[in-house]
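Novice: Got a structure for you, written out below as structure tokens; questions coming shortly.
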Amino acid sequence: MPSPVVLALLFASPFAFAEALPIVAEPSPERQKQLVHLVRQDCGSCHGMTLQGGLGPALTPGALRDKPVDSLVATIYGGRPGTPMPPWHRFLTEPESAWIVQQLLAGFPEE
Ligand code: HEC
């Protein structure tokens, strides 16, 4: 029988995480590779190959840190009407967009 402390941790921790981090379903390792390639190539054409900015703003952890995660995910998934930022919903699911935001905030992986 686990101690009450262990039980409390088991029940408490998922909620603690839910507050701190967006809940993101991990794409398969193969899909993660494709997504990294897509961001480096297709997003890089506007945001810069090193994501430091170009036609579009920088997508570095420092540039995105203070922006609401939900709005960043929505920008990728749905685009920003009236700006050159196109929607990506034909190529990405919403959880994949959230995964990309999470990687951008952590420092985007190299290919
Ligand atoms: C055709 C050029 C273009 C492409 C391609 C493009 N973007 Fe953008 N993106 C922009 C522009 C321009 C903005 C700024 C929109 C505005 O004025 O609010 C933007 C804004 C964003 C933002 C919001 C940044 C912020 O500081 O609020 C994110 C996140 C983003 N893009 C991610 C992506 C990702 C990820 C991809 C690839 C899947 C991508 N973009 C592809 C042009 C582009």
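Labels used: A, B, ... for chains in the order of the structure tokens, numbers from 1 for residues in each chain, and numbers from 1 for ligands as shown.
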Listing only residues of chain A within 7 Å of ligand 1, what is the closest atom pair and its distance in Å (to one decimal) for each, using only C-alpha atoms and all ligand atoms, sorted by chain and residue number ascending, as a tab-separated table?

Specialist:
```
residue	atom	partner	partner_atom_place_in_ligand_line	distance
A:Leu38	CA	ligand 1	38 (C)	6.5
A:Val39	CA	ligand 1	37 (C)	5.0
A:Asp42	CA	ligand 1	5 (C)	5.4
A:Cys43	CA	ligand 1	37 (C)	3.6
A:Ser45	CA	ligand 1	5 (C)	5.9
A:Cys46	CA	ligand 1	2 (C)	4.3
A:His47	CA	ligand 1	7 (N)	6.2
A:Leu55	CA	ligand 1	12 (C)	5.5
A:Gly56	CA	ligand 1	11 (C)	3.7
A:Pro57	CA	ligand 1	26 (O)	5.8
A:Ala58	CA	ligand 1	26 (O)	6.8
A:Leu59	CA	ligand 1	29 (C)	6.4
A:Ala63	CA	ligand 1	26 (O)	6.6
A:Leu64	CA	ligand 1	26 (O)	5.9
A:Lys67	CA	ligand 1	27 (O)	6.8
A:Leu72	CA	ligand 1	29 (C)	4.6
A:Val73	CA	ligand 1	29 (C)	6.8
A:Thr75	CA	ligand 1	22 (C)	5.7
A:Ile76	CA	ligand 1	32 (C)	5.1
A:Arg80	CA	ligand 1	15 (C)	5.9
A:Thr83	CA	ligand 1	15 (C)	5.2
A:Pro84	CA	ligand 1	12 (C)	4.6
A:Met85	CA	ligand 1	10 (C)	3.7
A:Pro86	CA	ligand 1	4 (C)	6.1
A:Trp88	CA	ligand 1	38 (C)	6.0
A:Ile100	CA	ligand 1	35 (C)	6.5
A:Val101	CA	ligand 1	29 (C)	6.8
```

Novice: Could you save the residues just selected, with N, CA and C atoms, as a short mmCIF file (atom, residue, chain, number, x, y, z; two decimals), in the first residue's frame?

Specialist:
```cif
data_model
loop_
_atom_site.label_atom_id
_atom_site.label_comp_id
_atom_site.auth_asym_id
_atom_site.auth_seq_id
_atom_site.Cartn_x
_atom_site.Cartn_y
_atom_site.Cartn_z
N LEU A 38 9.99 21.17 -41.62
CA LEU A 38 9.01 22.15 -42.09
C LEU A 38 9.30 23.54 -41.51
N VAL A 39 9.56 23.59 -40.21
CA VAL A 39 9.79 24.89 -39.58
C VAL A 39 11.08 25.51 -40.12
N ASP A 42 10.17 26.00 -44.34
CA ASP A 42 9.02 26.82 -44.75
C ASP A 42 8.82 28.03 -43.86
N CYS A 43 8.93 27.85 -42.57
CA CYS A 43 8.78 29.00 -41.68
C CYS A 43 10.03 29.86 -41.79
N SER A 45 11.71 30.57 -44.30
CA SER A 45 11.73 31.46 -45.46
C SER A 45 11.24 32.86 -45.08
N CYS A 46 10.39 32.97 -44.11
CA CYS A 46 9.94 34.30 -43.65
C CYS A 46 10.58 34.70 -42.31
N HIS A 47 10.76 33.73 -41.44
CA HIS A 47 11.23 34.05 -40.08
C HIS A 47 12.74 33.96 -39.97
N LEU A 55 11.11 38.67 -42.86
CA LEU A 55 9.81 39.29 -43.11
C LEU A 55 8.93 39.13 -41.86
N GLY A 56 9.00 37.96 -41.25
CA GLY A 56 8.27 37.70 -40.00
C GLY A 56 9.18 37.93 -38.80
N PRO A 57 8.60 38.13 -37.62
CA PRO A 57 9.42 38.41 -36.43
C PRO A 57 10.23 37.19 -35.98
N ALA A 58 11.22 37.43 -35.11
CA ALA A 58 12.05 36.36 -34.56
C ALA A 58 11.17 35.36 -33.80
N LEU A 59 11.52 34.08 -33.90
CA LEU A 59 10.81 33.02 -33.18
C LEU A 59 11.72 32.38 -32.15
N ALA A 63 12.28 36.10 -27.78
CA ALA A 63 11.25 36.91 -28.45
C ALA A 63 9.85 36.44 -28.08
N LEU A 64 9.69 35.15 -27.80
CA LEU A 64 8.34 34.60 -27.59
C LEU A 64 7.97 34.44 -26.12
N LYS A 67 4.85 36.07 -24.61
CA LYS A 67 3.61 36.05 -25.38
C LYS A 67 2.75 34.86 -24.94
N LEU A 72 0.06 32.10 -29.69
CA LEU A 72 1.11 31.65 -30.62
C LEU A 72 0.63 30.41 -31.38
N VAL A 73 0.00 29.47 -30.66
CA VAL A 73 -0.51 28.26 -31.31
C VAL A 73 -1.57 28.65 -32.34
N THR A 75 -1.86 31.44 -33.91
CA THR A 75 -1.22 32.13 -35.04
C THR A 75 -0.68 31.12 -36.05
N ILE A 76 -0.06 30.06 -35.56
CA ILE A 76 0.49 29.06 -36.47
C ILE A 76 -0.64 28.29 -37.14
N ARG A 80 -2.46 34.82 -39.38
CA ARG A 80 -2.92 36.14 -38.90
C ARG A 80 -3.49 36.89 -40.08
N THR A 83 -2.08 39.91 -42.40
CA THR A 83 -0.62 39.95 -42.39
C THR A 83 -0.14 38.81 -43.31
N PRO A 84 1.16 38.79 -43.64
CA PRO A 84 1.65 37.70 -44.50
C PRO A 84 1.67 36.33 -43.81
N MET A 85 1.42 36.28 -42.50
CA MET A 85 1.48 34.99 -41.77
C MET A 85 0.31 34.11 -42.20
N PRO A 86 0.65 33.02 -42.95
CA PRO A 86 -0.43 32.15 -43.47
C PRO A 86 -0.87 31.12 -42.45
N TRP A 88 -1.60 27.28 -41.20
CA TRP A 88 -0.91 26.02 -41.50
C TRP A 88 -1.80 24.82 -41.24
N ILE A 100 5.16 22.63 -31.78
CA ILE A 100 6.13 23.56 -32.38
C ILE A 100 6.37 24.75 -31.46
N VAL A 101 5.29 25.31 -30.90
CA VAL A 101 5.45 26.44 -29.98
C VAL A 101 6.30 26.03 -28.78
#
```

Novice: Between A:Gly78, A:Leu105, A:Pro27, A:Ser97, single out the one closest to A:Thr60, counting only C-alpha atoms.

Specialist: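 Nearest to A:Thr60: A:Leu105.
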
Novice: Please identify which residues in stretch 11-102 of chain A DSSP calls helix (DSSP H, G or I) from the backbone, and express them as a ChimeraX atom specification.

Specialist: /A:11-20,29-47,61-64,69-78,94-102
